[in-house]
file final-v3.txt (compact mmCIF, C-alpha atoms and all ligand atoms)
# COMPACT_ATOMS: atom_id res chain seq x y z
CA MET A 201 -13.72 -14.00 16.48
CA LYS A 202 -16.28 -12.33 14.27
CA LEU A 203 -14.64 -10.16 11.62
CA GLY A 204 -16.36 -7.70 9.33
CA LEU A 205 -15.12 -6.58 5.92
CA ALA A 206 -16.31 -3.49 4.06
CA GLY A 207 -15.72 -3.43 0.29
CA THR A 208 -15.70 -6.70 -1.65
CA GLY A 209 -13.67 -5.58 -4.70
CA ARG A 210 -10.29 -6.92 -5.83
CA ILE A 211 -8.42 -6.84 -2.52
CA GLY A 212 -11.56 -7.24 -0.40
CA ALA A 213 -12.40 -10.64 -1.86
CA SER A 214 -8.83 -11.77 -1.32
CA HIS A 215 -8.70 -10.53 2.29
CA ALA A 216 -12.11 -12.11 3.06
CA GLU A 217 -10.81 -15.46 1.85
CA THR A 218 -7.65 -15.10 3.96
CA LEU A 219 -9.65 -14.18 7.07
CA LYS A 220 -11.94 -17.17 6.58
CA GLY A 221 -8.90 -19.46 6.62
CA PHE A 222 -7.76 -18.44 10.13
CA ASP A 223 -8.69 -20.94 12.90
CA GLU A 224 -9.40 -18.09 15.27
CA VAL A 225 -12.01 -16.53 12.98
CA GLY A 226 -15.43 -18.10 13.47
CA GLU A 227 -17.34 -15.86 11.07
CA VAL A 228 -16.57 -13.33 8.34
CA VAL A 229 -19.36 -10.87 7.54
CA VAL A 230 -19.00 -8.79 4.37
CA ALA A 231 -20.80 -5.76 2.94
CA ASP A 232 -20.37 -3.39 0.02
CA VAL A 233 -22.29 -0.36 -1.23
CA ASP A 234 -22.91 -2.66 -4.18
CA ALA A 235 -24.94 -5.25 -2.22
CA GLU A 236 -25.04 -7.62 -5.17
CA ARG A 237 -21.25 -7.68 -5.28
CA ALA A 238 -21.10 -8.49 -1.55
CA ARG A 239 -23.64 -11.30 -2.03
CA ALA A 240 -21.73 -12.77 -4.97
CA THR A 241 -18.39 -12.66 -3.10
CA ALA A 242 -19.95 -14.19 0.01
CA ALA A 243 -21.54 -17.01 -1.98
CA LYS A 244 -18.23 -17.75 -3.71
CA LEU A 245 -16.17 -17.77 -0.51
CA GLY A 246 -18.72 -19.29 1.88
CA VAL A 247 -18.87 -16.24 4.15
CA THR A 248 -21.88 -14.17 5.32
CA ALA A 249 -23.13 -11.13 3.39
CA VAL A 250 -25.26 -8.40 4.89
CA GLU A 251 -27.31 -5.95 2.83
CA SER A 252 -25.81 -2.66 3.99
CA ILE A 253 -22.92 -1.01 5.79
CA ASP A 254 -25.34 -0.19 8.64
CA ALA A 255 -26.10 -3.91 8.99
CA LEU A 256 -22.36 -4.64 9.02
CA PHE A 257 -21.82 -2.23 11.90
CA GLY A 258 -24.74 -3.83 13.73
CA ALA A 259 -23.36 -7.35 13.41
CA GLY A 260 -21.42 -7.44 16.71
CA LEU A 261 -17.93 -7.34 15.21
CA ASP A 262 -14.64 -8.00 17.01
CA GLY A 263 -12.77 -6.19 14.23
CA LEU A 264 -13.39 -4.52 10.87
CA VAL A 265 -11.29 -4.83 7.73
CA VAL A 266 -11.78 -1.87 5.38
CA THR A 267 -11.10 -2.70 1.73
CA ALA A 268 -13.51 -0.21 0.19
CA ALA A 269 -12.45 2.38 -2.38
CA THR A 270 -9.98 4.86 -0.88
CA ASP A 271 -12.43 7.78 -0.70
CA ALA A 272 -14.63 5.68 1.62
CA HIS A 273 -11.82 4.96 4.13
CA PRO A 274 -12.14 8.02 6.43
CA ALA A 275 -15.86 7.54 7.18
CA LEU A 276 -15.46 3.79 7.74
CA ILE A 277 -12.40 4.13 10.00
CA THR A 278 -13.94 6.85 12.18
CA ARG A 279 -17.31 5.10 12.43
CA ALA A 280 -15.62 1.88 13.56
CA VAL A 281 -13.42 3.62 16.10
CA ASP A 282 -16.43 5.53 17.48
CA ALA A 283 -18.17 2.17 17.91
CA GLY A 284 -15.12 0.74 19.70
CA ILE A 285 -14.34 -1.70 16.86
CA PRO A 286 -10.63 -2.25 16.07
CA VAL A 287 -9.91 -1.48 12.41
CA PHE A 288 -7.56 -2.72 9.75
CA CYS A 289 -7.75 -0.35 6.75
CA GLU A 290 -6.06 -0.71 3.41
CA LYS A 291 -3.65 2.07 2.44
CA PRO A 292 -3.94 4.98 2.00
CA VAL A 293 -5.96 6.46 4.89
CA ALA A 294 -7.63 8.96 2.54
CA VAL A 295 -7.30 10.32 -1.00
CA ASP A 296 -5.73 13.55 0.25
CA LEU A 297 -3.83 15.13 3.11
CA THR A 298 -6.84 16.98 4.50
CA GLY A 299 -8.78 13.73 4.80
CA THR A 300 -5.79 11.94 6.35
CA LEU A 301 -5.29 14.65 8.96
CA ALA A 302 -9.02 14.74 9.76
CA VAL A 303 -8.94 11.00 10.53
CA ILE A 304 -5.88 11.44 12.75
CA GLU A 305 -7.52 14.31 14.63
CA HIS A 306 -10.68 12.23 15.10
CA LEU A 307 -8.62 9.36 16.53
CA THR A 308 -6.68 11.49 18.98
CA GLY A 309 -7.27 10.26 22.52
CA SER A 310 -8.89 7.00 21.37
CA ASP A 311 -7.44 3.66 22.47
CA VAL A 312 -9.22 1.67 19.75
CA PRO A 313 -6.45 0.10 17.65
CA VAL A 314 -6.07 1.00 13.97
CA GLN A 315 -3.72 -0.82 11.57
CA ILE A 316 -3.01 0.47 8.06
CA GLY A 317 -2.30 -2.08 5.32
CA PHE A 318 1.32 -1.63 4.31
CA GLN A 319 1.91 -5.33 3.69
CA ARG A 320 5.52 -4.94 2.55
CA ARG A 321 6.45 -4.63 6.25
CA PHE A 322 5.42 -8.31 6.51
CA ASP A 323 7.32 -9.50 3.42
CA ALA A 324 10.36 -11.72 4.09
CA GLY A 325 12.60 -9.85 1.62
CA TYR A 326 11.91 -6.36 2.97
CA THR A 327 12.32 -7.68 6.51
CA ALA A 328 15.75 -9.10 5.59
CA ALA A 329 16.77 -5.82 3.93
CA ARG A 330 15.80 -3.84 7.03
CA ALA A 331 17.86 -6.20 9.20
CA ALA A 332 20.83 -5.91 6.82
CA VAL A 333 20.76 -2.10 7.01
CA ALA A 334 20.40 -2.11 10.79
CA SER A 335 23.28 -4.57 11.27
CA GLY A 336 25.69 -2.31 9.39
CA GLU A 337 26.76 -5.12 7.04
CA LEU A 338 25.97 -2.98 3.97
CA GLY A 339 28.17 -0.12 5.21
CA TRP A 340 26.79 3.36 4.58
CA LEU A 341 24.16 3.56 1.84
CA HIS A 342 24.95 5.48 -1.32
CA THR A 343 21.81 4.54 -3.31
CA VAL A 344 18.41 2.95 -2.84
CA ARG A 345 16.28 2.07 -5.87
CA ALA A 346 12.59 1.30 -5.37
CA THR A 347 10.54 -0.15 -8.20
CA THR A 348 6.80 -0.78 -8.38
CA LEU A 349 5.61 -1.73 -11.85
CA ASP A 350 2.11 -3.14 -12.36
CA ALA A 351 1.63 -5.52 -15.29
CA GLY A 352 -1.44 -3.60 -16.43
CA PRO A 353 -3.59 -0.64 -15.37
CA PRO A 354 -6.43 -0.91 -12.83
CA PRO A 355 -10.01 -0.56 -14.10
CA ALA A 356 -10.75 2.95 -15.46
CA GLU A 357 -13.30 3.61 -12.69
CA TYR A 358 -10.67 2.90 -9.99
CA VAL A 359 -8.40 5.76 -11.07
CA PRO A 360 -10.42 8.91 -10.18
CA ARG A 361 -11.08 7.54 -6.64
CA SER A 362 -7.51 6.36 -6.01
CA GLY A 363 -5.71 9.64 -5.17
CA GLY A 364 -3.35 9.23 -8.14
CA LEU A 365 -0.20 7.21 -8.86
CA PHE A 366 2.04 8.61 -6.12
CA ARG A 367 -0.59 8.43 -3.36
CA ASP A 368 -2.12 5.11 -4.44
CA CYS A 369 0.92 3.13 -5.60
CA GLY A 370 4.08 5.04 -4.67
CA VAL A 371 2.90 5.27 -1.07
CA HIS A 372 3.97 1.61 -0.62
CA ASP A 373 7.51 2.53 -1.71
CA PHE A 374 7.58 5.65 0.48
CA ASP A 375 6.54 3.65 3.54
CA ILE A 376 9.02 0.86 2.94
CA ILE A 377 11.94 3.20 2.17
CA ARG A 378 11.47 4.77 5.63
CA TRP A 379 11.00 1.35 7.25
CA VAL A 380 14.00 -0.36 5.61
CA THR A 381 16.48 2.53 5.94
CA GLY A 382 15.25 3.93 9.26
CA ARG A 383 15.75 7.42 7.78
CA GLU A 384 13.45 10.29 6.84
CA VAL A 385 13.17 11.91 3.41
CA THR A 386 14.00 15.61 3.23
CA GLU A 387 13.43 16.47 -0.45
CA VAL A 388 11.80 15.00 -3.57
CA TYR A 389 11.80 15.71 -7.27
CA ALA A 390 9.17 13.84 -9.28
CA ARG A 391 8.01 13.58 -12.87
CA GLY A 392 5.04 11.85 -14.43
CA GLY A 393 4.34 10.28 -17.82
CA ASN A 394 1.13 9.64 -19.80
CA ARG A 395 1.78 7.27 -22.66
CA GLY A 396 -1.05 4.86 -21.74
CA GLU A 397 -4.80 5.11 -21.78
CA ARG A 398 -6.63 8.42 -21.80
CA PHE A 399 -8.54 7.84 -18.54
CA PHE A 400 -5.40 8.64 -16.52
CA VAL A 401 -5.20 12.09 -18.15
CA ASP A 402 -8.95 12.62 -17.68
CA ALA A 403 -8.50 11.95 -13.93
CA GLY A 404 -5.56 14.39 -13.73
CA ASP A 405 -3.32 11.39 -13.06
CA VAL A 406 -0.20 9.89 -14.63
CA ASP A 407 0.37 6.24 -15.57
CA THR A 408 4.13 6.29 -15.01
CA GLY A 409 6.19 8.17 -12.45
CA ALA A 410 9.79 8.67 -11.43
CA ALA A 411 11.11 10.43 -8.35
CA THR A 412 14.43 11.23 -6.75
CA LEU A 413 14.36 11.36 -2.94
CA THR A 414 17.10 12.61 -0.62
CA LEU A 415 17.33 11.00 2.82
CA ASP A 416 18.36 12.95 5.91
CA ASP A 417 21.78 11.22 5.92
CA GLY A 418 22.41 12.16 2.28
CA THR A 419 21.51 8.78 0.71
CA LEU A 420 19.95 9.16 -2.74
CA VAL A 421 16.82 7.17 -3.58
CA THR A 422 15.08 6.65 -6.89
CA VAL A 423 11.46 5.52 -7.13
CA SER A 424 10.12 4.13 -10.40
CA LEU A 425 6.38 3.47 -10.88
CA SER A 426 4.29 2.34 -13.83
CA ARG A 427 0.86 0.90 -14.56
CA TYR A 428 2.06 -0.54 -17.89
CA ASN A 429 4.82 -3.12 -17.28
CA GLY A 430 3.45 -5.69 -19.72
CA ALA A 431 6.21 -8.21 -18.91
CA GLY A 432 4.73 -8.76 -15.43
CA HIS A 433 4.39 -7.35 -11.93
CA ASP A 434 7.80 -6.15 -10.77
CA VAL A 435 8.35 -4.89 -7.21
CA ARG A 436 11.95 -4.60 -6.07
CA LEU A 437 14.11 -2.61 -3.68
CA GLU A 438 17.84 -2.39 -4.28
CA VAL A 439 19.76 -1.24 -1.21
CA LEU A 440 23.32 -0.40 -2.22
CA GLY A 441 25.98 0.30 0.37
CA SER A 442 29.68 1.09 0.69
CA LEU A 443 30.37 -2.56 1.69
CA ALA A 444 27.62 -4.73 0.21
CA ASN A 445 24.27 -4.73 -1.59
CA ILE A 446 20.95 -6.45 -1.03
CA VAL A 447 17.98 -6.69 -3.40
CA VAL A 448 14.38 -7.40 -2.42
CA GLY A 449 12.23 -9.09 -5.07
CA LEU A 450 15.05 -10.53 -7.20
CA ASP A 451 13.81 -14.09 -7.58
CA ASP A 452 12.91 -16.62 -10.28
CA ARG A 453 9.64 -14.82 -10.99
CA VAL A 454 10.90 -11.28 -11.61
CA PRO A 455 9.85 -10.23 -15.14
CA LEU A 456 13.34 -9.37 -16.43
CA ARG A 457 15.32 -10.92 -19.29
CA SER A 458 19.07 -10.56 -19.58
CA ALA A 459 20.33 -9.00 -22.81
CA GLU A 460 23.65 -10.84 -22.44
CA PRO A 461 24.29 -13.81 -24.71
CA GLY A 462 24.31 -17.18 -22.94
CA VAL A 463 22.61 -15.96 -19.78
CA PRO A 464 19.71 -18.36 -19.15
CA ALA A 465 16.17 -17.04 -18.86
CA LEU A 466 14.61 -17.05 -15.39
CA PRO A 467 12.33 -20.06 -14.91
CA GLY A 468 9.27 -17.96 -13.99
CA PRO A 469 6.33 -17.86 -14.21
CA VAL A 470 6.46 -14.08 -13.77
CA TYR A 471 4.25 -12.51 -11.10
CA PRO A 472 1.00 -11.51 -12.82
CA GLY A 473 0.00 -9.05 -10.08
CA PHE A 474 0.27 -7.86 -6.49
CA MET A 475 -1.96 -10.68 -5.19
CA GLU A 476 0.54 -13.34 -6.23
CA ARG A 477 3.60 -11.28 -5.32
CA PHE A 478 2.44 -10.46 -1.80
CA ARG A 479 0.15 -13.36 -0.82
CA PRO A 480 2.25 -14.46 2.21
CA ALA A 481 2.66 -10.83 3.34
CA TYR A 482 -1.11 -10.16 3.16
CA THR A 483 -1.74 -13.31 5.21
CA SER A 484 0.84 -12.31 7.80
CA GLU A 485 -0.47 -8.72 8.18
CA LEU A 486 -4.05 -9.93 8.63
CA LYS A 487 -2.91 -12.57 11.14
CA THR A 488 -1.21 -9.75 13.02
CA PHE A 489 -4.47 -7.77 12.90
CA LEU A 490 -6.20 -10.58 14.81
CA ASP A 491 -3.65 -10.03 17.59
CA VAL A 492 -4.14 -6.26 17.37
CA ALA A 493 -7.96 -6.60 17.46
CA ALA A 494 -7.72 -8.95 20.45
CA ARG A 495 -5.34 -6.40 22.07
CA ARG A 496 -2.56 -8.94 22.33
CA ALA A 497 -0.29 -6.74 20.17
CA GLU A 498 0.25 -3.08 19.33
CA SER A 499 -0.64 -1.96 15.81
CA PRO A 500 2.53 -2.45 13.71
CA CYS A 501 1.60 0.40 11.38
CA GLY A 502 -0.70 3.10 12.66
CA VAL A 503 -2.15 6.24 11.12
CA LEU A 504 0.91 8.36 12.00
CA ASP A 505 3.19 6.03 10.01
CA ALA A 506 0.69 6.20 7.16
CA LEU A 507 0.76 10.01 7.41
CA GLU A 508 4.55 10.09 7.04
CA ALA A 509 4.38 8.02 3.84
CA PHE A 510 1.52 10.19 2.63
CA TYR A 511 3.54 13.39 3.08
CA LEU A 512 6.07 11.95 0.63
CA ALA A 513 3.34 11.11 -1.88
CA GLU A 514 1.97 14.61 -1.46
CA ALA A 515 5.40 16.16 -2.01
CA CYS A 516 5.91 14.07 -5.16
CA GLU A 517 2.48 15.03 -6.49
CA LEU A 518 3.27 18.73 -5.93
CA SER A 519 6.73 18.31 -7.45
CA ARG A 520 5.47 16.66 -10.63
CA ARG A 521 2.65 19.17 -11.06
CA GLU A 522 4.92 22.20 -10.57
CA ARG A 523 8.01 20.57 -12.13
CA ARG A 524 10.33 21.53 -9.27
CA PRO A 525 12.11 19.99 -6.27
CA VAL A 526 9.94 20.06 -3.14
CA ALA A 527 11.22 20.00 0.45
CA VAL A 528 9.03 17.62 2.45
CA ALA A 529 8.74 20.31 5.14
CA GLU A 530 6.75 22.34 2.60
CA VAL A 531 3.81 19.88 2.64
CA ARG A 532 3.87 19.09 6.37
CA ARG A 533 0.97 20.45 8.40
N1 LIG A 601 -2.14 -3.16 -0.11
C1 LIG A 601 -2.25 -3.40 -1.38
O1 LIG A 601 -1.37 -4.00 -2.00
C2 LIG A 601 -3.48 -2.99 -2.12
C3 LIG A 601 -3.74 -3.53 -3.37
C4 LIG A 601 -4.91 -3.13 -4.01
C5 LIG A 601 -5.76 -2.21 -3.43
N2 LIG A 601 -5.44 -1.69 -2.22
C6 LIG A 601 -6.34 -0.69 -1.60
O2 LIG A 601 -7.57 -1.34 -1.31
C7 LIG A 601 -8.67 -0.47 -1.57
C8 LIG A 601 -9.62 -1.15 -2.55
O3 LIG A 601 -8.94 -1.40 -3.75
P1 LIG A 601 -9.51 -2.46 -4.82
O4 LIG A 601 -8.46 -2.58 -5.85
O5 LIG A 601 -10.00 -3.67 -4.15
O6 LIG A 601 -10.74 -1.60 -5.41
P2 LIG A 601 -12.05 -2.12 -6.11
O7 LIG A 601 -12.54 -0.98 -6.91
O8 LIG A 601 -11.83 -3.45 -6.77
O9 LIG A 601 -13.07 -2.40 -4.89
C9 LIG A 601 -13.53 -1.37 -4.07
C10 LIG A 601 -14.90 -1.80 -3.51
O10 LIG A 601 -15.31 -0.85 -2.53
C11 LIG A 601 -16.70 -0.71 -2.66
N3 LIG A 601 -17.09 0.52 -1.98
C12 LIG A 601 -16.97 1.80 -2.39
N4 LIG A 601 -17.43 2.64 -1.43
C13 LIG A 601 -17.80 1.87 -0.37
C14 LIG A 601 -18.32 2.14 0.92
N5 LIG A 601 -18.57 3.40 1.31
N6 LIG A 601 -18.58 1.11 1.73
C15 LIG A 601 -18.35 -0.16 1.34
N7 LIG A 601 -17.85 -0.50 0.12
C16 LIG A 601 -17.59 0.52 -0.72
C17 LIG A 601 -16.95 -0.72 -4.15
O11 LIG A 601 -18.30 -0.99 -4.47
C18 LIG A 601 -16.01 -1.86 -4.56
O12 LIG A 601 -16.65 -3.12 -4.50
C19 LIG A 601 -8.06 0.84 -2.07
O13 LIG A 601 -7.99 1.74 -1.01
C20 LIG A 601 -6.66 0.46 -2.52
O14 LIG A 601 -5.73 1.53 -2.33
C21 LIG A 601 -4.34 -2.06 -1.55
call {"tool": "encode", "arguments": {"input": "final-v3.txt", "output": "structure tokens"}}
result
Amino acid sequence: MKLGLAGTGRIGASHAETLKGFDEVGEVVVADVDAERARATAAKLGVTAVESIDALFGAGLDGLVVTAATDAHPALITRAVDAGIPVFCEKPVAVDLTGTLAVIEHLTGSDVPVQIGFQRRFDAGYTAARAAVASGELGWLHTVRATTLDAGPPPAEYVPRSGGLFRDCGVHDFDIIRWVTGREVTEVYARGGNRGERFFVDAGDVDTGAATLTLDDGTLVTVSLSRYNGAGHDVRLEVLGSLANIVVGLDDRVPLRSAEPGVPALPGPVYPGFMERFRPAYTSELKTFLDVAARRAESPCGVLDALEAFYLAEACELSRRERRPVAVAEVRR
């Protein structure tokens, strides 16, 4: 197969390397609006660079992986679908709801597959938690606690184009809460904090967030997000039931230290970032995309799933701006 990749930044370089490693992929062709960056990434990884996005679309692709900045996603997804090229696109679909809905409207009636990159659905721990909930072994859930704490902030220039903390980062938690519990969220109440660098404030964003979500069966969920967890990258999901509990992400590398005397430190090393934490999941989701692109499998996470997670991000953003609880129905269109 010949796979294209648009956007050779942090995640793009990683995905290009993963694609190159698949037996089924004969050639990976990359492009970026910054042609020099595409050339440098291609030279480092031993893949092919082309000089422009137009050249990428003209390369005879069997599938396109979109890892460009979020505000470039809608145009790249719709152009690929119009050209009949199956697309994998990193989350989120767009920086805002209007852009997300415009993509969905554009795709209506098309049979070209689109997969959105919620890699936690391919992580062994989240998969086990989903199975535990479905089996009934946890009993009924009283509390779910989702945590996504980055060890350090992204580059300053990433922030204004990201959609903000809840849409860019929390959207992973919102998707996986729905996927693991099999329930929908009815109401959110979110707050944001700005104790880190000034560029978050300048972008109208927050560097830390907390939200309470209510599921349609009454389960309470807390979501905790930060760009400043200096101890390391910490992504966990605690699913607490009337009979038993299960925790995703509680392993030897979680950046936590017990305050209790005599409790040994975890061996580590702590996860430095999302690349290390989710490497097997990224590989598995891209392997699945090969099946999707070859039409051997349905997309495991399409734009409508992405929209549902995005509604929750949107509701949290509204809630934290207006400092009030928001019913998810209020942001649905
Ligand atoms: N699933 C995950 O865990 C995960 C992790 C990180 C980033 N992401 C997503 O991946 C995307 C990229 O994030 P990143 O951290 O790699 O950002 P980045 O800033 O490192 O890289 C983005 C790249 O896109 C390029 N670009 C911008 N507009 C473009 C266009 N129109 N066509 C082609 N290239 C274009 C930029 O020049 C840059 O090289 C974002 O949407 C982000 O939400 C997902």
call {"tool": "residues_near_ligand", "arguments": {"input": "final-v3.txt", "ligand": "ligand LIG 601 (chain A)", "cutoff": "6 Å", "atoms": "all atoms listed in the file", "output": "list in words"}}
result
Ala206, Gly207, Thr208, Gly209, Arg210, Ile211, Gly212, Asp232, Val233, Asp234, Thr267, Ala268, Ala269, Thr270, Ala272, Glu290, Lys291, Pro292, Gly317, Phe318, Gln319, Tyr358 and Asp368 of chain A
call {"tool": "atom_distance", "arguments": {"input": "final-v3.txt", "atom1": "atom CA of A:Tyr428", "atom2": "atom CA of A:Asp407"}}
result
7.4 Å
call {"tool": "residues_around", "arguments": {"input": "final-v3.txt", "residues": "A:Pro353", "least_positions_apart": "4", "cutoff": "9 Å", "atoms": "all atoms listed in the file", "output": "PyMOL selection string"}}
result
chain A and resi 396-397+407+426-429
call {"tool": "write_last_selection", "arguments": {"input": "final-v3.txt", "atoms": "C-alpha atoms", "output": "PDB file, in the frame of the given file"}}
result
ATOM      1  CA  GLY A 396      -1.050   4.860 -21.740  1.00  0.00           C
ATOM      2  CA  GLU A 397      -4.800   5.110 -21.780  1.00  0.00           C
ATOM      3  CA  ASP A 407       0.370   6.240 -15.570  1.00  0.00           C
ATOM      4  CA  SER A 426       4.290   2.340 -13.830  1.00  0.00           C
ATOM      5  CA  ARG A 427       0.860   0.900 -14.560  1.00  0.00           C
ATOM      6  CA  TYR A 428       2.060  -0.540 -17.890  1.00  0.00           C
ATOM      7  CA  ASN A 429       4.820  -3.120 -17.280  1.00  0.00           C
TER       8      ASN A 429
END
call {"tool": "atom_distance", "arguments": {"input": "final-v3.txt", "atom1": "atom CA of A:Val435", "atom2": "atom CA of A:Ser458"}}
result
17.3 Å
call {"tool": "residues_around", "arguments": {"input": "final-v3.txt", "residues": "A:Thr343", "least_positions_apart": "2", "cutoff": "8 Å", "atoms": "only C-alpha atoms", "output": "list in words"}}
result
Leu341, Arg345, Thr419, Leu420, Val421, Thr422, Val439, Leu440 and Gly441 of chain A
